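For reference, coords_33.pdb is printed below; it contains PDB, C-alpha atoms.
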```
MODEL        1
ATOM      1  CA  MET X   1     -19.459   3.148 -33.652  1.00  0.00           C
ATOM      2  CA  SER X   2     -18.070   2.912 -30.151  1.00  0.00           C
ATOM      3  CA  THR X   3     -15.901  -0.051 -29.222  1.00  0.00           C
ATOM      4  CA  SER X   4     -16.286   0.430 -25.476  1.00  0.00           C
ATOM      5  CA  PRO X   5     -18.296  -2.297 -23.773  1.00  0.00           C
ATOM      6  CA  LYS X   6     -21.776  -1.373 -22.665  1.00  0.00           C
ATOM      7  CA  ARG X   7     -22.411  -1.495 -18.983  1.00  0.00           C
ATOM      8  CA  THR X   8     -25.272  -3.717 -17.857  1.00  0.00           C
ATOM      9  CA  VAL X   9     -27.706  -1.914 -15.589  1.00  0.00           C
ATOM     10  CA  LEU X  10     -29.187  -4.164 -12.924  1.00  0.00           C
ATOM     11  CA  ARG X  11     -32.655  -3.327 -11.676  1.00  0.00           C
ATOM     12  CA  ILE X  12     -32.530  -5.779  -8.799  1.00  0.00           C
ATOM     13  CA  ALA X  13     -31.449  -4.334  -5.474  1.00  0.00           C
ATOM     14  CA  ASN X  14     -28.138  -5.520  -4.070  1.00  0.00           C
ATOM     15  CA  GLU X  15     -28.670  -7.566  -0.919  1.00  0.00           C
ATOM     16  CA  GLN X  16     -25.819  -5.838   0.926  1.00  0.00           C
ATOM     17  CA  ASP X  17     -27.232  -2.383   0.102  1.00  0.00           C
ATOM     18  CA  VAL X  18     -30.666  -3.333   1.391  1.00  0.00           C
ATOM     19  CA  LEU X  19     -29.214  -4.829   4.578  1.00  0.00           C
ATOM     20  CA  ALA X  20     -26.996  -1.782   5.166  1.00  0.00           C
ATOM     21  CA  GLN X  21     -30.090   0.423   5.131  1.00  0.00           C
ATOM     22  CA  LEU X  22     -31.733  -1.777   7.769  1.00  0.00           C
ATOM     23  CA  ARG X  23     -28.696  -1.804  10.077  1.00  0.00           C
ATOM     24  CA  GLY X  24     -28.482   0.906  12.726  1.00  0.00           C
ATOM     25  CA  THR X  25     -25.889   1.707  15.386  1.00  0.00           C
ATOM     26  CA  GLN X  26     -27.592  -0.496  17.958  1.00  0.00           C
ATOM     27  CA  ASP X  27     -27.575  -3.408  15.527  1.00  0.00           C
ATOM     28  CA  ARG X  28     -23.859  -2.953  14.844  1.00  0.00           C
ATOM     29  CA  ILE X  29     -23.146  -2.923  18.594  1.00  0.00           C
ATOM     30  CA  ALA X  30     -25.257  -6.040  19.183  1.00  0.00           C
ATOM     31  CA  ASP X  31     -23.545  -7.830  16.282  1.00  0.00           C
ATOM     32  CA  ALA X  32     -20.084  -6.867  17.569  1.00  0.00           C
ATOM     33  CA  ILE X  33     -20.848  -8.109  21.091  1.00  0.00           C
ATOM     34  CA  THR X  34     -22.350 -11.342  19.780  1.00  0.00           C
ATOM     35  CA  ALA X  35     -19.397 -11.875  17.445  1.00  0.00           C
ATOM     36  CA  PHE X  36     -16.907 -11.375  20.299  1.00  0.00           C
ATOM     37  CA  ALA X  37     -18.892 -13.555  22.726  1.00  0.00           C
ATOM     38  CA  GLY X  38     -18.652 -16.406  20.220  1.00  0.00           C
ATOM     39  CA  THR X  39     -14.838 -16.508  20.209  1.00  0.00           C
ATOM     40  CA  MET X  40     -12.300 -18.513  22.147  1.00  0.00           C
ATOM     41  CA  THR X  41     -10.749 -15.211  23.285  1.00  0.00           C
ATOM     42  CA  PHE X  42     -13.987 -14.553  25.171  1.00  0.00           C
ATOM     43  CA  VAL X  43     -13.743 -18.001  26.783  1.00  0.00           C
ATOM     44  CA  TYR X  44     -10.084 -17.534  27.749  1.00  0.00           C
ATOM     45  CA  LEU X  45     -10.720 -14.074  29.232  1.00  0.00           C
ATOM     46  CA  HIS X  46     -13.582 -15.445  31.314  1.00  0.00           C
ATOM     47  CA  ALA X  47     -11.539 -18.424  32.485  1.00  0.00           C
ATOM     48  CA  LEU X  48      -8.758 -16.042  33.539  1.00  0.00           C
ATOM     49  CA  TRP X  49     -11.206 -13.665  35.197  1.00  0.00           C
ATOM     50  CA  PHE X  50     -12.875 -16.501  37.149  1.00  0.00           C
ATOM     51  CA  ALA X  51      -9.524 -17.955  38.184  1.00  0.00           C
ATOM     52  CA  VAL X  52      -8.238 -14.594  39.484  1.00  0.00           C
ATOM     53  CA  TRP X  53     -11.561 -13.920  41.239  1.00  0.00           C
ATOM     54  CA  ILE X  54     -11.573 -17.309  42.966  1.00  0.00           C
ATOM     55  CA  VAL X  55      -7.869 -17.235  43.890  1.00  0.00           C
ATOM     56  CA  CYS X  56      -8.185 -13.753  45.411  1.00  0.00           C
ATOM     57  CA  ASN X  57     -11.374 -14.617  47.290  1.00  0.00           C
ATOM     58  CA  GLU X  58      -9.946 -17.853  48.663  1.00  0.00           C
ATOM     59  CA  GLY X  59      -7.440 -15.740  50.597  1.00  0.00           C
ATOM     60  CA  VAL X  60      -4.299 -16.664  48.620  1.00  0.00           C
ATOM     61  CA  PHE X  61      -3.185 -12.992  48.730  1.00  0.00           C
ATOM     62  CA  GLY X  62      -4.297 -12.449  52.309  1.00  0.00           C
ATOM     63  CA  ASP X  63      -7.548 -11.564  54.013  1.00  0.00           C
ATOM     64  CA  GLY X  64      -7.397  -8.001  52.653  1.00  0.00           C
ATOM     65  CA  ALA X  65      -7.853  -9.268  49.100  1.00  0.00           C
ATOM     66  CA  ILE X  66     -11.141 -11.042  49.894  1.00  0.00           C
ATOM     67  CA  TRP X  67     -14.193  -9.099  48.719  1.00  0.00           C
ATOM     68  CA  ASP X  68     -16.513 -11.967  47.749  1.00  0.00           C
ATOM     69  CA  PRO X  69     -15.979 -14.965  50.042  1.00  0.00           C
ATOM     70  CA  PHE X  70     -17.090 -18.484  49.140  1.00  0.00           C
ATOM     71  CA  PRO X  71     -19.739 -19.284  47.717  1.00  0.00           C
ATOM     72  CA  PHE X  72     -18.931 -16.190  45.599  1.00  0.00           C
ATOM     73  CA  GLY X  73     -22.389 -14.602  45.583  1.00  0.00           C
ATOM     74  CA  LEU X  74     -21.227 -11.431  43.812  1.00  0.00           C
ATOM     75  CA  LEU X  75     -19.526 -13.449  41.073  1.00  0.00           C
ATOM     76  CA  THR X  76     -22.664 -15.540  40.654  1.00  0.00           C
ATOM     77  CA  MET X  77     -24.800 -12.419  40.304  1.00  0.00           C
ATOM     78  CA  ILE X  78     -22.421 -10.814  37.787  1.00  0.00           C
ATOM     79  CA  VAL X  79     -22.251 -13.979  35.687  1.00  0.00           C
ATOM     80  CA  SER X  80     -26.044 -14.313  35.758  1.00  0.00           C
ATOM     81  CA  LEU X  81     -26.513 -10.729  34.600  1.00  0.00           C
ATOM     82  CA  GLU X  82     -23.918 -11.251  31.875  1.00  0.00           C
ATOM     83  CA  ALA X  83     -25.763 -14.368  30.701  1.00  0.00           C
ATOM     84  CA  ILE X  84     -29.034 -12.428  30.528  1.00  0.00           C
ATOM     85  CA  PHE X  85     -27.483  -9.661  28.448  1.00  0.00           C
ATOM     86  CA  LEU X  86     -25.544 -12.017  26.188  1.00  0.00           C
ATOM     87  CA  SER X  87     -28.647 -14.092  25.482  1.00  0.00           C
ATOM     88  CA  THR X  88     -30.494 -10.868  24.621  1.00  0.00           C
ATOM     89  CA  PHE X  89     -27.724  -9.837  22.212  1.00  0.00           C
ATOM     90  CA  VAL X  90     -27.826 -13.284  20.615  1.00  0.00           C
ATOM     91  CA  MET X  91     -31.601 -12.995  20.147  1.00  0.00           C
ATOM     92  CA  VAL X  92     -31.210  -9.523  18.597  1.00  0.00           C
ATOM     93  CA  SER X  93     -28.613 -10.928  16.189  1.00  0.00           C
ATOM     94  CA  GLN X  94     -30.876 -13.887  15.367  1.00  0.00           C
ATOM     95  CA  ASN X  95     -33.739 -11.502  14.607  1.00  0.00           C
ATOM     96  CA  ARG X  96     -31.443  -9.559  12.281  1.00  0.00           C
ATOM     97  CA  GLN X  97     -30.396 -12.825  10.620  1.00  0.00           C
ATOM     98  CA  ALA X  98     -34.061 -13.649  10.059  1.00  0.00           C
ATOM     99  CA  ALA X  99     -34.543 -10.197   8.501  1.00  0.00           C
ATOM    100  CA  ARG X 100     -31.522 -10.853   6.242  1.00  0.00           C
ATOM    101  CA  GLU X 101     -33.043 -14.167   5.156  1.00  0.00           C
ATOM    102  CA  ASN X 102     -36.322 -12.403   4.340  1.00  0.00           C
ATOM    103  CA  VAL X 103     -34.467  -9.845   2.212  1.00  0.00           C
ATOM    104  CA  ARG X 104     -32.629 -12.638   0.410  1.00  0.00           C
ATOM    105  CA  ALA X 105     -35.876 -14.531  -0.181  1.00  0.00           C
ATOM    106  CA  ASP X 106     -37.564 -11.395  -1.543  1.00  0.00           C
ATOM    107  CA  LEU X 107     -34.642 -10.681  -3.885  1.00  0.00           C
ATOM    108  CA  ASP X 108     -34.540 -14.324  -5.000  1.00  0.00           C
ATOM    109  CA  PHE X 109     -38.264 -14.227  -5.720  1.00  0.00           C
ATOM    110  CA  GLU X 110     -37.892 -11.016  -7.714  1.00  0.00           C
ATOM    111  CA  THR X 111     -35.014 -12.542  -9.677  1.00  0.00           C
ATOM    112  CA  ASN X 112     -37.041 -15.685 -10.391  1.00  0.00           C
ATOM    113  CA  VAL X 113     -40.055 -13.683 -11.596  1.00  0.00           C
ATOM    114  CA  ARG X 114     -37.853 -11.552 -13.837  1.00  0.00           C
ATOM    115  CA  SER X 115     -36.226 -14.685 -15.273  1.00  0.00           C
ATOM    116  CA  GLU X 116     -39.561 -16.329 -15.936  1.00  0.00           C
ATOM    117  CA  VAL X 117     -40.985 -13.251 -17.657  1.00  0.00           C
ATOM    118  CA  TRP X 118     -37.880 -12.877 -19.821  1.00  0.00           C
ATOM    119  CA  SER X 119     -37.912 -16.587 -20.646  1.00  0.00           C
ATOM    120  CA  VAL X 120     -41.532 -16.461 -21.763  1.00  0.00           C
ATOM    121  CA  HIS X 121     -40.900 -13.410 -23.947  1.00  0.00           C
ATOM    122  CA  MET X 122     -37.776 -14.910 -25.502  1.00  0.00           C
ATOM    123  CA  GLY X 123     -39.578 -18.221 -26.036  1.00  0.00           C
ATOM    124  CA  ARG X 124     -42.455 -16.486 -27.806  1.00  0.00           C
ATOM    125  CA  ALA X 125     -39.968 -14.556 -29.958  1.00  0.00           C
ATOM    126  CA  LEU X 126     -38.410 -17.898 -30.916  1.00  0.00           C
ATOM    127  CA  GLY X 127     -41.791 -19.494 -31.594  1.00  0.00           C
ATOM    128  CA  VAL X 128     -41.833 -21.757 -28.546  1.00  0.00           C
ATOM    129  CA  ASP X 129     -45.231 -22.620 -27.050  1.00  0.00           C
ATOM    130  CA  PRO X 130     -45.150 -21.526 -23.359  1.00  0.00           C
ATOM    131  CA  ALA X 131     -47.977 -23.937 -22.459  1.00  0.00           C
ATOM    132  CA  GLU X 132     -45.995 -26.909 -23.802  1.00  0.00           C
ATOM    133  CA  VAL X 133     -42.893 -25.816 -21.922  1.00  0.00           C
ATOM    134  CA  GLU X 134     -44.938 -25.428 -18.722  1.00  0.00           C
ATOM    135  CA  ARG X 135     -46.377 -28.942 -19.110  1.00  0.00           C
ATOM    136  CA  HIS X 136     -42.840 -30.290 -19.455  1.00  0.00           C
ATOM    137  CA  VAL X 137     -41.675 -28.282 -16.401  1.00  0.00           C
ATOM    138  CA  GLN X 138     -44.569 -29.657 -14.326  1.00  0.00           C
ATOM    139  CA  GLN X 139     -43.696 -33.197 -15.400  1.00  0.00           C
ATOM    140  CA  VAL X 140     -40.026 -32.781 -14.446  1.00  0.00           C
ATOM    141  CA  LEU X 141     -40.981 -31.230 -11.100  1.00  0.00           C
ATOM    142  CA  ALA X 142     -43.398 -34.087 -10.349  1.00  0.00           C
ATOM    143  CA  GLU X 143     -40.687 -36.631 -11.153  1.00  0.00           C
ATOM    144  CA  ASN X 144     -38.199 -34.852  -8.910  1.00  0.00           C
ATOM    145  CA  ARG X 145     -40.684 -34.591  -6.035  1.00  0.00           C
ATOM    146  CA  ALA X 146     -41.469 -38.284  -6.375  1.00  0.00           C
ATOM    147  CA  ARG X 147     -37.765 -39.140  -6.363  1.00  0.00           C
ATOM    148  CA  MET X 148     -37.175 -36.973  -3.271  1.00  0.00           C
ATOM    149  CA  ASN X 149     -40.121 -38.581  -1.450  1.00  0.00           C
ATOM    150  CA  GLY X 150     -39.047 -42.064  -2.444  1.00  0.00           C
ATOM    151  CA  THR X 151     -42.343 -42.780  -4.179  1.00  0.00           C
ATOM    152  CA  PRO X 152     -42.644 -44.348  -7.603  1.00  0.00           C
ATOM    153  CA  ARG X 153     -42.461 -41.982 -10.505  1.00  0.00           C
ATOM    154  CA  PRO X 154     -45.753 -40.859 -11.993  1.00  0.00           C
ATOM    155  CA  PRO X 155     -46.333 -42.036 -15.537  1.00  0.00           C
ATOM    156  CA  THR X 156     -44.671 -39.778 -18.084  1.00  0.00           C
ATOM    157  CA  GLU X 157     -46.570 -38.229 -20.940  1.00  0.00           C
ATOM    158  CA  THR X 158     -45.175 -38.583 -24.418  1.00  0.00           C
TER     159      THR X 158
ENDMDL
END
```

Show me, as structure tokens, the structure contained in the file I just sent.
Amino acid sequence: MSTSPKRTVLRIANEQDVLAQLRGTQDRIADAITAFAGTMTFVYLHALWFAVWIVCNEGVFGDGAIWDPFPFGLLTMIVSLEAIFLSTFVMVSQNRQAARENVRADLDFETNVRSEVWSVHMGRALGVDPAEVERHVQQVLAENRARMNGTPRPPTET
């Protein structure tokens, strides 16, 4: 008889494996841009960039350094285009997050179904009446829903 522990084989897909299959190069790029755009480093770089742009175009370094005089039309256009692209990257990332949530929900559902089927089979093997257990589950759920809604508890069956 072997004393080595048996390895449990899981039949449920790993969420990270499923998500990795859905993620392409474009998704990785969009996620990286969105992740960087959400940092303080991004804010500091933009503040520095705007400050240098404005200082140069106000003539602090002479008239030769002015390429976008006040009201900074070129800067406005660049910032507007950047905002359009960044909002698009954020939407792409949000769509991917929604896909991740769907994968998680599907895996959770599969896990719940497996658990219920196993529970019923084990209960039958132990001589437990599944119908009685289900009546009790429904009663507990009704009580919890009533408590969450702030309504009086339904009468309990004995």

task: Between CA of Ala99 in chain X and CA of Asn14 in chain X, measure the distance and give it in Å to one decimal.
output: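 Atom-to-atom, CA of Ala99 in chain X to CA of Asn14 in chain X, that is 14.9 Å.
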
Evaluate the PyMOL selection byres ((chain X and resi 104) around 12) and report residues as a ChimeraX atom specification: /X:12-19,97-103,105-111

- request: One decimal, Å: what's the distance from CA of Gln139 in chain X over to CA of Trp118 in chain X, could you say?
  value: 21.6 Å

Specify as an mmCIF file with C-alpha atoms, in the coordinates of the input each residue included when the PyMOL selection byres ((chain X and resi 57) around 6) is applied to this file.
```cif
data_model
loop_
_atom_site.group_PDB
_atom_site.id
_atom_site.type_symbol
_atom_site.label_atom_id
_atom_site.label_comp_id
_atom_site.auth_asym_id
_atom_site.auth_seq_id
_atom_site.Cartn_x
_atom_site.Cartn_y
_atom_site.Cartn_z
ATOM 1 C CA ILE X 54 -11.573 -17.309 42.966
ATOM 2 C CA VAL X 55 -7.869 -17.235 43.890
ATOM 3 C CA CYS X 56 -8.185 -13.753 45.411
ATOM 4 C CA GLU X 58 -9.946 -17.853 48.663
ATOM 5 C CA GLY X 59 -7.440 -15.740 50.597
ATOM 6 C CA ILE X 66 -11.141 -11.042 49.894
ATOM 7 C CA ASP X 68 -16.513 -11.967 47.749
ATOM 8 C CA PRO X 69 -15.979 -14.965 50.042
#
```

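Distance-wise, CA of Leu81 in chain X and CA of Ile29 in chain X end up 18.1 Å apart.
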
- request: Could you check which of X:Glu132, X:Trp49, X:Gly62, X:Thr151 is closest to Val120 in chain X, using only C-alpha atoms?
  value: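 For Val120 in chain X, the nearest of the given residues is X:Glu132.
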
field: Of the listed residues X:Thr25, X:Ser87, X:Asn144, X:Thr76, that which approaches Ala37 in chain X most closely, counting all atoms listed in the file
entry: X:Ser87

Can you tell me, as JSON, the centre and edge lengths (Å, one decimal) of the axis-aligned box enclosing all of range 105-124 of chain X's listed atoms after padding each side by 5 Å?
```
{"center_x": -38.5, "center_y": -14.5, "center_z": -14.0, "size_x": 17.9, "size_y": 17.5, "size_z": 37.6}
```

Residues selected by the PyMOL selection byres ((chain X and resi 89) around 8), written as a list of chain:residue names: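 Output of the PyMOL selection byres ((chain X and resi 89) around 8): X:Ala30, X:Asp31, X:Ile33, X:Thr34, X:Phe85, X:Leu86, X:Ser87, X:Thr88, X:Val90, X:Met91, X:Val92, X:Ser93.
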
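Closest approach to Gln26 in chain X from the set X:Val137, X:Val43, X:Val117, X:Arg96 is made by X:Arg96, with distances taken over all atoms listed in the file.
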